[in-house]
file final-v9.pdb (PDB, C-alpha atoms and all ligand atoms)
ATOM      1  CA  MET E 230      80.488  36.822-143.688
ATOM      2  CA  ARG E 231      77.108  38.248-142.823
ATOM      3  CA  ALA E 232      76.683  41.081-140.323
ATOM      4  CA  VAL E 233      74.060  43.553-139.191
ATOM      5  CA  VAL E 234      75.243  46.841-140.666
ATOM      6  CA  TYR E 235      73.790  50.219-139.760
ATOM      7  CA  ALA E 236      74.407  52.793-142.499
ATOM      8  CA  GLY E 237      73.078  55.406-140.052
ATOM      9  CA  PRO E 238      70.572  55.757-137.227
ATOM     10  CA  ARG E 239      67.521  53.459-137.692
ATOM     11  CA  ASP E 240      68.862  52.318-141.070
ATOM     12  CA  PHE E 241      70.159  48.761-140.917
ATOM     13  CA  SER E 242      70.334  45.597-142.999
ATOM     14  CA  VAL E 243      71.908  42.159-142.834
ATOM     15  CA  SER E 244      74.765  42.521-145.306
ATOM     16  CA  GLU E 245      77.680  40.573-146.682
ATOM     17  CA  VAL E 246      80.881  42.166-145.370
ATOM     18  CA  PRO E 247      84.561  41.194-145.842
ATOM     19  CA  ASP E 248      85.973  38.583-143.476
ATOM     20  CA  ARG E 249      88.432  40.189-141.097
ATOM     21  CA  ARG E 250      91.847  38.897-140.082
ATOM     22  CA  ALA E 251      93.566  39.207-136.724
ATOM     23  CA  ALA E 252      96.362  41.786-136.619
ATOM     24  CA  ALA E 253      99.076  41.546-133.990
ATOM     25  CA  GLY E 254      97.522  41.528-130.523
ATOM     26  CA  GLU E 255      94.056  40.702-131.829
ATOM     27  CA  VAL E 256      91.834  37.643-132.136
ATOM     28  CA  VAL E 257      88.987  36.759-134.485
ATOM     29  CA  ILE E 258      85.992  35.224-132.722
ATOM     30  CA  ASP E 259      83.144  33.307-134.324
ATOM     31  CA  VAL E 260      80.181  34.730-132.443
ATOM     32  CA  ALA E 261      77.889  32.204-130.776
ATOM     33  CA  LEU E 262      75.566  34.656-129.028
ATOM     34  CA  ALA E 263      75.370  38.437-128.729
ATOM     35  CA  GLY E 264      73.036  40.065-126.234
ATOM     36  CA  VAL E 265      70.693  42.974-126.918
ATOM     37  CA  CYS E 266      70.264  45.544-124.165
ATOM     38  CA  GLY E 267      68.721  48.974-123.650
ATOM     39  CA  THR E 268      71.926  50.612-124.837
ATOM     40  CA  ASP E 269      71.305  49.081-128.264
ATOM     41  CA  LEU E 270      68.049  51.022-128.456
ATOM     42  CA  HIS E 271      69.983  54.259-127.936
ATOM     43  CA  ILE E 272      72.529  53.172-130.550
ATOM     44  CA  HIS E 273      69.680  52.281-132.926
ATOM     45  CA  SER E 274      68.615  55.927-132.752
ATOM     46  CA  GLY E 275      72.172  57.240-133.136
ATOM     47  CA  GLY E 276      72.777  57.991-129.454
ATOM     48  CA  PHE E 277      75.507  56.943-126.971
ATOM     49  CA  PHE E 278      78.547  57.987-129.092
ATOM     50  CA  ALA E 279      77.611  55.551-131.888
ATOM     51  CA  GLU E 280      79.712  55.943-135.038
ATOM     52  CA  PHE E 281      78.318  54.813-138.390
ATOM     53  CA  PRO E 282      78.537  52.671-140.431
ATOM     54  CA  LEU E 283      78.292  50.307-137.473
ATOM     55  CA  THR E 284      77.784  46.676-136.598
ATOM     56  CA  PRO E 285      76.362  46.829-133.046
ATOM     57  CA  GLY E 286      76.567  44.086-130.419
ATOM     58  CA  HIS E 287      78.577  44.736-127.259
ATOM     59  CA  GLU E 288      77.713  41.594-125.251
ATOM     60  CA  SER E 289      79.394  38.785-127.159
ATOM     61  CA  VAL E 290      80.446  35.211-126.565
ATOM     62  CA  GLY E 291      81.954  32.816-129.088
ATOM     63  CA  VAL E 292      84.877  30.680-130.193
ATOM     64  CA  VAL E 293      88.368  31.909-131.074
ATOM     65  CA  ARG E 294      88.981  31.241-134.777
ATOM     66  CA  GLU E 295      92.246  33.082-135.350
ATOM     67  CA  VAL E 296      94.961  34.367-133.043
ATOM     68  CA  GLY E 297      97.152  37.301-134.062
ATOM     69  CA  ALA E 298     100.900  37.561-133.564
ATOM     70  CA  GLY E 299     102.019  38.072-129.988
ATOM     71  CA  VAL E 300      98.886  36.585-128.404
ATOM     72  CA  HIS E 301      99.827  33.816-126.011
ATOM     73  CA  HIS E 302      96.943  33.466-123.527
ATOM     74  CA  LEU E 303      94.326  32.339-126.070
ATOM     75  CA  GLU E 304      94.189  29.575-128.623
ATOM     76  CA  ARG E 305      92.049  28.495-131.545
ATOM     77  CA  GLY E 306      88.840  26.762-130.532
ATOM     78  CA  GLN E 307      88.726  28.343-127.080
ATOM     79  CA  ARG E 308      85.305  29.563-125.918
ATOM     80  CA  VAL E 309      85.469  33.183-124.784
ATOM     81  CA  ALA E 310      83.539  36.266-123.690
ATOM     82  CA  VAL E 311      84.488  39.740-124.888
ATOM     83  CA  ASP E 312      84.961  42.898-122.861
ATOM     84  CA  ASN E 313      83.947  45.347-125.572
ATOM     85  CA  ALA E 314      85.550  48.479-124.092
ATOM     86  CA  SER E 315      89.158  49.621-124.521
ATOM     87  CA  ALA E 316      90.886  52.701-123.136
ATOM     88  CA  CYS E 317      93.896  54.363-124.768
ATOM     89  CA  GLY E 318      96.119  54.338-121.681
ATOM     90  CA  HIS E 319      97.690  57.771-122.254
ATOM     91  CA  CYS E 320      94.974  60.463-122.138
ATOM     92  CA  PRO E 321      94.602  62.561-118.937
ATOM     93  CA  HIS E 322      91.871  60.266-117.565
ATOM     94  CA  CYS E 323      93.820  57.108-118.332
ATOM     95  CA  VAL E 324      96.980  58.345-116.636
ATOM     96  CA  ARG E 325      94.850  59.149-113.590
ATOM     97  CA  ASP E 326      93.729  55.518-113.626
ATOM     98  CA  GLN E 327      90.186  56.381-114.691
ATOM     99  CA  PRO E 328      90.038  54.507-117.995
ATOM    100  CA  LEU E 329      86.230  54.521-117.977
ATOM    101  CA  PHE E 330      86.395  58.214-118.916
ATOM    102  CA  CYS E 331      89.092  57.766-121.583
ATOM    103  CA  GLU E 332      88.984  60.503-124.224
ATOM    104  CA  ASN E 333      89.710  57.913-126.898
ATOM    105  CA  PHE E 334      87.323  55.259-125.639
ATOM    106  CA  ARG E 335      86.821  52.449-128.149
ATOM    107  CA  SER E 336      83.788  50.285-127.661
ATOM    108  CA  LEU E 337      83.033  47.294-129.894
ATOM    109  CA  GLY E 338      79.392  47.544-130.930
ATOM    110  CA  VAL E 339      79.254  51.306-130.269
ATOM    111  CA  ASN E 340      82.005  53.014-132.232
ATOM    112  CA  GLU E 341      83.669  49.915-133.705
ATOM    113  CA  ALA E 342      82.267  46.715-135.213
ATOM    114  CA  GLY E 343      80.718  44.441-132.593
ATOM    115  CA  GLY E 344      79.060  41.077-132.244
ATOM    116  CA  PHE E 345      75.917  41.235-134.403
ATOM    117  CA  ALA E 346      77.925  39.359-137.024
ATOM    118  CA  GLU E 347      79.128  35.857-137.810
ATOM    119  CA  SER E 348      82.540  36.857-136.496
ATOM    120  CA  MET E 349      84.224  39.813-134.825
ATOM    121  CA  VAL E 350      87.715  41.099-134.096
ATOM    122  CA  SER E 351      88.791  42.110-130.594
ATOM    123  CA  PRO E 352      91.989  43.153-128.853
ATOM    124  CA  ALA E 353      93.155  39.872-127.326
ATOM    125  CA  HIS E 354      93.667  41.319-123.854
ATOM    126  CA  LYS E 355      89.927  42.104-123.692
ATOM    127  CA  VAL E 356      88.953  38.480-124.359
ATOM    128  CA  PHE E 357      88.442  35.973-121.542
ATOM    129  CA  ALA E 358      88.033  32.198-121.425
ATOM    130  CA  VAL E 359      84.570  31.182-120.193
ATOM    131  CA  ASP E 360      85.627  27.605-119.440
ATOM    132  CA  ASP E 361      82.553  25.452-118.799
ATOM    133  CA  LEU E 362      79.957  28.253-118.672
ATOM    134  CA  ALA E 363      77.193  27.653-121.221
ATOM    135  CA  ASP E 364      76.924  30.262-123.972
ATOM    136  CA  ASP E 365      73.584  31.524-122.685
ATOM    137  CA  VAL E 366      75.178  32.159-119.296
ATOM    138  CA  ALA E 367      78.548  33.477-120.483
ATOM    139  CA  VAL E 368      76.792  36.027-122.708
ATOM    140  CA  PHE E 369      75.864  37.863-119.500
ATOM    141  CA  ALA E 370      79.517  38.560-118.664
ATOM    142  CA  GLU E 371      79.397  42.119-120.038
ATOM    143  CA  PRO E 372      76.066  43.194-118.509
ATOM    144  CA  LEU E 373      77.048  41.516-115.247
ATOM    145  CA  ALA E 374      80.296  43.493-115.259
ATOM    146  CA  CYS E 375      78.172  46.649-115.581
ATOM    147  CA  ALA E 376      76.103  45.548-112.589
ATOM    148  CA  VAL E 377      79.262  44.815-110.571
ATOM    149  CA  HIS E 378      80.495  48.315-111.387
ATOM    150  CA  GLY E 379      77.118  49.618-110.246
ATOM    151  CA  MET E 380      77.609  47.883-106.909
ATOM    152  CA  ASP E 381      81.120  49.330-106.619
ATOM    153  CA  VAL E 382      79.853  52.879-107.137
ATOM    154  CA  LEU E 383      76.799  52.382-104.949
ATOM    155  CA  ALA E 384      78.969  51.248-102.003
ATOM    156  CA  LEU E 385      75.903  49.897-100.273
ATOM    157  CA  ARG E 386      75.693  50.235 -96.502
ATOM    158  CA  PRO E 387      75.052  46.843 -94.902
ATOM    159  CA  GLY E 388      71.381  46.394 -94.163
ATOM    160  CA  ALA E 389      70.227  49.120 -96.546
ATOM    161  CA  ASP E 390      66.562  49.139 -97.576
ATOM    162  CA  VAL E 391      66.767  49.250-101.381
ATOM    163  CA  LEU E 392      64.091  49.988-103.974
ATOM    164  CA  MET E 393      64.698  49.278-107.648
ATOM    165  CA  LEU E 394      62.315  50.425-110.351
ATOM    166  CA  GLY E 395      62.502  48.334-113.492
ATOM    167  CA  SER E 396      63.195  44.657-114.052
ATOM    168  CA  GLY E 397      64.992  44.350-117.373
ATOM    169  CA  THR E 398      67.969  42.068-117.802
ATOM    170  CA  THR E 399      70.594  44.400-116.369
ATOM    171  CA  GLY E 400      68.287  45.398-113.536
ATOM    172  CA  LEU E 401      67.669  41.773-112.607
ATOM    173  CA  LEU E 402      71.431  41.169-112.567
ATOM    174  CA  LEU E 403      71.881  44.160-110.266
ATOM    175  CA  ALA E 404      69.012  42.958-108.061
ATOM    176  CA  GLN E 405      70.808  39.657-107.504
ATOM    177  CA  LEU E 406      74.005  41.469-106.526
ATOM    178  CA  LEU E 407      72.011  43.663-104.130
ATOM    179  CA  VAL E 408      70.457  40.587-102.513
ATOM    180  CA  HIS E 409      73.869  38.977-102.063
ATOM    181  CA  GLY E 410      75.760  42.224-101.491
ATOM    182  CA  GLY E 411      74.540  43.380 -98.124
ATOM    183  CA  ALA E 412      71.098  44.898 -98.672
ATOM    184  CA  GLY E 413      68.760  44.312 -95.751
ATOM    185  CA  ARG E 414      65.741  44.298 -98.026
ATOM    186  CA  VAL E 415      65.385  44.581-101.792
ATOM    187  CA  THR E 416      62.094  45.689-103.344
ATOM    188  CA  VAL E 417      61.651  45.549-107.117
ATOM    189  CA  ALA E 418      58.806  47.508-108.718
ATOM    190  CA  ALA E 419      57.953  46.971-112.384
ATOM    191  CA  PRO E 420      54.940  46.482-114.654
ATOM    192  CA  THR E 421      55.668  43.053-116.143
ATOM    193  CA  GLU E 422      54.501  40.075-114.144
ATOM    194  CA  PHE E 423      56.865  37.417-115.483
ATOM    195  CA  LYS E 424      59.888  39.634-114.835
ATOM    196  CA  LEU E 425      58.737  40.197-111.258
ATOM    197  CA  ALA E 426      58.350  36.424-110.903
ATOM    198  CA  LEU E 427      61.962  36.099-112.074
ATOM    199  CA  ALA E 428      63.032  38.705-109.512
ATOM    200  CA  SER E 429      61.312  36.700-106.771
ATOM    201  CA  SER E 430      62.968  33.497-107.920
ATOM    202  CA  TYR E 431      66.338  35.264-107.626
ATOM    203  CA  GLY E 432      65.712  36.005-103.955
ATOM    204  CA  VAL E 433      64.372  39.563-104.061
ATOM    205  CA  ASP E 434      62.467  40.196-100.822
ATOM    206  CA  ARG E 435      59.461  41.991-102.239
ATOM    207  CA  VAL E 436      58.057  42.661-105.699
ATOM    208  CA  VAL E 437      55.438  45.284-106.505
ATOM    209  CA  GLN E 438      53.537  45.384-109.766
ATOM    210  CA  VAL E 439      53.119  48.980-110.877
ATOM    211  CA  ASN E 440      51.848  50.514-114.096
ATOM    212  CA  ARG E 441      53.801  52.828-116.393
ATOM    213  CA  ASP E 442      52.304  55.979-114.869
ATOM    214  CA  ALA E 443      55.093  57.461-112.750
ATOM    215  CA  GLY E 444      52.676  59.474-110.593
ATOM    216  CA  GLN E 445      50.645  56.411-109.632
ATOM    217  CA  THR E 446      53.823  54.381-109.174
ATOM    218  CA  TYR E 447      55.133  57.027-106.807
ATOM    219  CA  GLN E 448      51.974  56.875-104.703
ATOM    220  CA  VAL E 449      52.050  53.078-104.425
ATOM    221  CA  LEU E 450      55.723  53.056-103.379
ATOM    222  CA  ARG E 451      55.368  55.995-101.036
ATOM    223  CA  ASP E 452      52.515  54.210 -99.249
ATOM    224  CA  LEU E 453      54.738  51.139 -98.994
ATOM    225  CA  SER E 454      57.515  53.097 -97.272
ATOM    226  CA  PRO E 455      56.295  56.461 -95.938
ATOM    227  CA  GLU E 456      59.719  57.186 -94.350
ATOM    228  CA  GLY E 457      61.483  56.436 -97.617
ATOM    229  CA  PHE E 458      64.020  53.876 -98.764
ATOM    230  CA  ASP E 459      67.757  54.158 -98.107
ATOM    231  CA  VAL E 460      68.429  53.728-101.814
ATOM    232  CA  ALA E 461      66.138  54.183-104.840
ATOM    233  CA  ILE E 462      67.413  52.904-108.182
ATOM    234  CA  ASP E 463      66.184  53.645-111.662
ATOM    235  CA  ALA E 464      66.740  50.592-113.857
ATOM    236  CA  THR E 465      64.316  51.723-116.559
ATOM    237  CA  GLY E 466      66.062  54.605-118.317
ATOM    238  CA  ALA E 467      62.785  56.547-118.203
ATOM    239  CA  SER E 468      63.221  60.119-116.962
ATOM    240  CA  SER E 469      59.679  60.092-115.516
ATOM    241  CA  VAL E 470      60.926  57.402-113.137
ATOM    242  CA  VAL E 471      64.175  59.222-112.323
ATOM    243  CA  GLN E 472      62.037  62.264-111.533
ATOM    244  CA  ILE E 473      60.285  60.555-108.599
ATOM    245  CA  LEU E 474      63.381  58.961-107.002
ATOM    246  CA  PRO E 475      64.346  61.775-104.573
ATOM    247  CA  ASP E 476      60.862  61.723-103.055
ATOM    248  CA  LEU E 477      61.102  57.969-102.499
ATOM    249  CA  VAL E 478      64.293  57.981-100.395
ATOM    250  CA  ALA E 479      64.729  58.817 -96.739
ATOM    251  CA  ASP E 480      66.809  61.766 -95.549
ATOM    252  CA  ASN E 481      70.490  61.089 -96.282
ATOM    253  CA  GLY E 482      69.292  58.571 -98.881
ATOM    254  CA  THR E 483      70.828  57.729-102.238
ATOM    255  CA  VAL E 484      69.305  58.170-105.682
ATOM    256  CA  PHE E 485      70.989  55.855-108.181
ATOM    257  CA  VAL E 486      70.646  56.669-111.883
ATOM    258  CA  TYR E 487      71.480  53.228-113.271
ATOM    259  CA  GLY E 488      69.402  53.098-116.468
ATOM    260  CA  MET E 489      70.349  55.261-119.436
ATOM    261  CA  CYS E 490      67.913  58.019-120.343
ATOM    262  CA  ASP E 491      67.904  59.857-123.673
ATOM    263  CA  ALA E 492      70.447  62.683-123.951
ATOM    264  CA  ASP E 493      67.652  65.254-124.239
ATOM    265  CA  ASP E 494      65.702  64.042-121.193
ATOM    266  CA  ARG E 495      65.415  66.360-118.184
ATOM    267  CA  VAL E 496      64.151  66.029-114.615
ATOM    268  CA  GLN E 497      63.135  68.759-112.176
ATOM    269  CA  TRP E 498      64.468  68.289-108.659
ATOM    270  CA  SER E 499      64.534  70.858-105.893
ATOM    271  CA  PRO E 500      68.173  71.691-105.056
ATOM    272  CA  TYR E 501      66.947  72.999-101.726
ATOM    273  CA  ASP E 502      65.391  69.630-100.998
ATOM    274  CA  ILE E 503      68.553  67.784-102.053
ATOM    275  CA  PHE E 504      70.506  70.048 -99.673
ATOM    276  CA  ARG E 505      68.081  70.009 -96.782
ATOM    277  CA  ARG E 506      67.715  66.237 -96.846
ATOM    278  CA  GLN E 507      71.377  65.636 -97.763
ATOM    279  CA  LEU E 508      70.543  63.346-100.659
ATOM    280  CA  HIS E 509      73.219  61.581-102.668
ATOM    281  CA  VAL E 510      72.975  61.197-106.428
ATOM    282  CA  LYS E 511      75.065  58.455-108.021
ATOM    283  CA  SER E 512      75.362  56.760-111.363
ATOM    284  CA  ALA E 513      77.428  53.983-112.895
ATOM    285  CA  ARG E 514      78.488  54.206-116.494
ATOM    286  CA  GLY E 515      79.343  50.943-118.169
TER     287      GLY E 515
HETATM  288 ZN    ZN D 601      74.570  46.261-122.753
HETATM  289 ZN    ZN D 602      92.524  57.278-122.526
END

call {"tool": "encode", "arguments": {"input": "final-v9.pdb", "output": "structure tokens"}}
result
Amino acid sequence: MRAVVYAGPRDFSVSEVPDRRAAAGEVVIDVALAGVCGTDLHIHSGGFFAEFPLTPGHESVGVVREVGAGVHHLERGQRVAVDNASACGHCPHCVRDQPLFCENFRSLGVNEAGGFAESMVSPAHKVFAVDDLADDVAVFAEPLACAVHGMDVLALRPGADVLMLGSGTTGLLLAQLLVHGGAGRVTVAAPTEFKLALASSYGVDRVVQVNRDAGQTYQVLRDLSPEGFDVAIDATGASSVVQILPDLVADNGTVFVYGMCDADDRVQWSPYDIFRRQLHVKSARG
């Protein structure tokens, strides 16, 4: 079969690779669609615990082609979505029921072969029937799960006044959950007009077109809400945006680092200010 194969960071080709078979507890899936997200950009550059050689693709939907021994909840021909992440179940984090921080975390498309291929292999218990969802909807199962986790961590107070900077795919999924998850008002600020139009069509209360200059963006948003928002979310992964978040929230407000910055990025916040204004800093990984 053909697959995108990275020999190393930034070094990829479409290559012929051996067809894989399903071992016990696994399934082989013919991939129909595989999403690309910001994480793939980090992986492209060798970041986010990528292991090479690698076939990326962590947002996959397709059809079960082969079912390994001991798999009873899936059958050939079934349309499915894949949860790419698996925890070991026995490391200190796993036994504390925090599998997200598993020391032996395996992630299809990050440190094991993923969905940028004609077919992929997955542990069967991480594969879910999508029933009558169309492929181009079901392919959002993984990023939507990330957004749901974001909502869990955020633990939004009902009626909160929420600002989100950025309007990429995952951000727009989160925005919809915010709208339906108890926010009193959701404002999305981003540079790209058609994405803001999408945000509006999804029920976001207010969209603000800003440029990519964080200083100017700060001024526009500060003028919009001089007292500050209850929650300010970075959905861009740009540290220049994360930098301005504390100054955009009200006292006792929450800064939510939702996008993924580069590992070497830094911001400068005043710890005194964080203390004095009792700010909360949260993030949601995966
Ligand atoms: Zn993703
Ligand atoms: Zn573990």

call {"tool": "atom_distance", "arguments": {"input": "final-v9.pdb", "atom1": "atom CA of Ala412 of chain E", "atom2": "atom ZN of ligand ZN 601 (chain D)"}}
result
24.4 Å

call {"tool": "closest_residue", "arguments": {"input": "final-v9.pdb", "among": "E:Leu283, E:Gly318, E:Thr399, E:Gly413", "to": "Ala428 of chain E", "atoms": "all atoms listed in the file"}}
result
E:Thr399

call {"tool": "resolve_selection", "arguments": {"input": "final-v9.pdb", "expression": "the PyMOL selection byres (((chain E and resi 314) around 7) and not hetatm)", "output": "PDB file with C-alpha atoms, keeping the file's coordinate frame"}}
result
ATOM      1  CA  ASP E 312      84.961  42.898-122.861  1.00  0.00           C
ATOM      2  CA  ASN E 313      83.947  45.347-125.572  1.00  0.00           C
ATOM      3  CA  SER E 315      89.158  49.621-124.521  1.00  0.00           C
ATOM      4  CA  ALA E 316      90.886  52.701-123.136  1.00  0.00           C
ATOM      5  CA  ARG E 335      86.821  52.449-128.149  1.00  0.00           C
ATOM      6  CA  SER E 336      83.788  50.285-127.661  1.00  0.00           C
ATOM      7  CA  LEU E 337      83.033  47.294-129.894  1.00  0.00           C
TER       8      LEU E 337
END

call {"tool": "closest_residue", "arguments": {"input": "final-v9.pdb", "among": "E:Pro328, E:Ala358, E:Pro352, E:Arg441", "to": "Gly306 of chain E", "atoms": "all atoms listed in the file"}}
result
E:Ala358

call {"tool": "residues_near_ligand", "arguments": {"input": "final-v9.pdb", "ligand": "ligand ZN 601 (chain D)", "cutoff": "6 Å", "atoms": "all atoms listed in the file", "output": "ChimeraX atom specification"}}
result
/E:266,268,372

call {"tool": "write_last_selection", "arguments": {"input": "final-v9.pdb", "atoms": "C-alpha atoms", "output": "CSV table (one decimal), keeping the file's coordinate frame"}}
result
chain,number,residue,atom,x,y,z
E,266,CYS,CA,70.3,45.5,-124.2
E,268,THR,CA,71.9,50.6,-124.8
E,372,PRO,CA,76.1,43.2,-118.5

call {"tool": "resolve_selection", "arguments": {"input": "final-v9.pdb", "expression": "the PyMOL selection byres (((chain E and resi 454-466) around 6) and not hetatm)", "output": "list of chain:residue names"}}
result
E:Ala389, E:Asp390, E:Val391, E:Leu392, E:Met393, E:Leu394, E:Gly395, E:Gly400, E:Arg451, E:Asp452, E:Leu453, E:Ala467, E:Val471, E:Leu474, E:Leu477, E:Val478, E:Ala479, E:Gly482, E:Thr483, E:Val484, E:Phe485, E:Val486, E:Tyr487, E:Gly488, E:Met489, E:Cys490

call {"tool": "residues_around", "arguments": {"input": "final-v9.pdb", "residues": "Tyr235 of chain E", "least_positions_apart": "3", "cutoff": "10 Å", "atoms": "all atoms listed in the file", "output": "MDAnalysis selection string"}}
result
chainID E and resid 232 238:244 272:273 275 280:285

call {"tool": "closest_residue", "arguments": {"input": "final-v9.pdb", "among": "E:Ala279, E:Val324, E:Leu303, E:Val233", "to": "ligand ZN 602 (chain D)", "atoms": "all atoms listed in the file"}}
result
E:Val324

call {"tool": "residues_around", "arguments": {"input": "final-v9.pdb", "residues": "Val350 of chain E", "least_positions_apart": "4", "cutoff": "7 Å", "atoms": "only C-alpha atoms", "output": "VMD selection string"}}
result
chain E and resid 251 255 to 258

call {"tool": "axis_aligned_box", "arguments": {"input": "final-v9.pdb", "around": "segment 378-386 of chain E", "padding_each_side": "8 Å", "output": "lines of an AutoDock Vina configuration file"}}
result
center_x = 78.4
center_y = 50.4
center_z = -103.9
size_x = 21.4
size_y = 21.0
size_z = 30.9

call {"tool": "closest_residue", "arguments": {"input": "final-v9.pdb", "among": "E:Lys355, E:His271, E:Arg325, E:Pro420", "to": "His302 of chain E", "atoms": "only C-alpha atoms"}}
result
E:Lys355

call {"tool": "resolve_selection", "arguments": {"input": "final-v9.pdb", "expression": "the PyMOL selection byres (((not hetatm)) within 8 of (chain D and resi 602))", "output": "list in words"}}
result
Ala316, Cys317, Gly318, His319, Cys320, Pro321, His322, Cys323, Val324, Pro328, Phe330, Cys331, Glu332, Asn333 and Phe334 of chain E

call {"tool": "atom_distance", "arguments": {"input": "final-v9.pdb", "atom1": "atom CA of Phe278 of chain E", "atom2": "atom CA of Ala513 of chain E"}}
result
16.7 Å

call {"tool": "residues_near_point", "arguments": {"input": "final-v9.pdb", "point": "(67.6, 35.9, -107.3)", "cutoff": "12 Å", "atoms": "only C-alpha atoms", "output": "short mmCIF file (atom, residue, chain, number, x, y, z; two decimals) with C-alpha atoms, keeping the file's coordinate frame"}}
result
data_model
loop_
_atom_site.label_atom_id
_atom_site.label_comp_id
_atom_site.auth_asym_id
_atom_site.auth_seq_id
_atom_site.Cartn_x
_atom_site.Cartn_y
_atom_site.Cartn_z
CA SER E 396 63.20 44.66 -114.05
CA GLY E 400 68.29 45.40 -113.54
CA LEU E 401 67.67 41.77 -112.61
CA LEU E 402 71.43 41.17 -112.57
CA LEU E 403 71.88 44.16 -110.27
CA ALA E 404 69.01 42.96 -108.06
CA GLN E 405 70.81 39.66 -107.50
CA LEU E 406 74.00 41.47 -106.53
CA LEU E 407 72.01 43.66 -104.13
CA VAL E 408 70.46 40.59 -102.51
CA HIS E 409 73.87 38.98 -102.06
CA GLY E 410 75.76 42.22 -101.49
CA VAL E 415 65.39 44.58 -101.79
CA THR E 416 62.09 45.69 -103.34
CA VAL E 417 61.65 45.55 -107.12
CA LYS E 424 59.89 39.63 -114.84
CA LEU E 425 58.74 40.20 -111.26
CA ALA E 426 58.35 36.42 -110.90
CA LEU E 427 61.96 36.10 -112.07
CA ALA E 428 63.03 38.70 -109.51
CA SER E 429 61.31 36.70 -106.77
CA SER E 430 62.97 33.50 -107.92
CA TYR E 431 66.34 35.26 -107.63
CA GLY E 432 65.71 36.01 -103.96
CA VAL E 433 64.37 39.56 -104.06
CA ASP E 434 62.47 40.20 -100.82
CA ARG E 435 59.46 41.99 -102.24
CA VAL E 436 58.06 42.66 -105.70
#

call {"tool": "atom_distance", "arguments": {"input": "final-v9.pdb", "atom1": "atom CA of Gly411 of chain E", "atom2": "atom CA of His378 of chain E"}}
result
15.4 Å

call {"tool": "decode", "arguments": {"input": "final-v9.pdb", "residues": "segment 244-276 of chain E", "atoms": "C-alpha atoms", "output": "compact mmCIF listing (two decimals), in the first residue's frame"}}
result
# COMPACT_ATOMS: atom_id res chain seq x y z
CA SER E 244 6.11 5.50 -0.45
CA GLU E 245 5.12 1.91 -1.02
CA VAL E 246 5.09 0.16 2.36
CA PRO E 247 4.18 -3.44 3.33
CA ASP E 248 0.51 -4.18 3.94
CA ARG E 249 -0.09 -4.81 7.62
CA ARG E 250 -2.16 -7.57 9.19
CA ALA E 251 -4.27 -7.42 12.33
CA ALA E 252 -2.72 -9.15 15.34
CA ALA E 253 -4.92 -10.32 18.20
CA GLY E 254 -6.93 -7.40 19.57
CA GLU E 255 -6.29 -5.23 16.52
CA VAL E 256 -8.14 -4.20 13.38
CA VAL E 257 -6.96 -3.05 9.96
CA ILE E 258 -8.87 -0.04 8.63
CA ASP E 259 -8.95 1.20 5.05
CA VAL E 260 -8.67 4.94 5.59
CA ALA E 261 -11.36 7.07 3.97
CA LEU E 262 -10.30 10.44 5.36
CA ALA E 263 -7.57 11.64 7.72
CA GLY E 264 -7.61 15.17 9.08
CA VAL E 265 -4.65 17.55 9.23
CA CYS E 266 -4.38 19.80 12.27
CA GLY E 267 -1.89 22.17 13.88
CA THR E 268 -0.30 19.27 15.73
CA ASP E 269 0.78 17.86 12.37
CA LEU E 270 2.80 21.02 11.78
CA HIS E 271 4.70 20.37 15.02
CA ILE E 272 5.20 16.73 14.01
CA HIS E 273 6.38 17.86 10.57
CA SER E 274 9.20 19.72 12.33
CA GLY E 275 9.98 16.81 14.67
CA GLY E 276 8.15 18.17 17.71
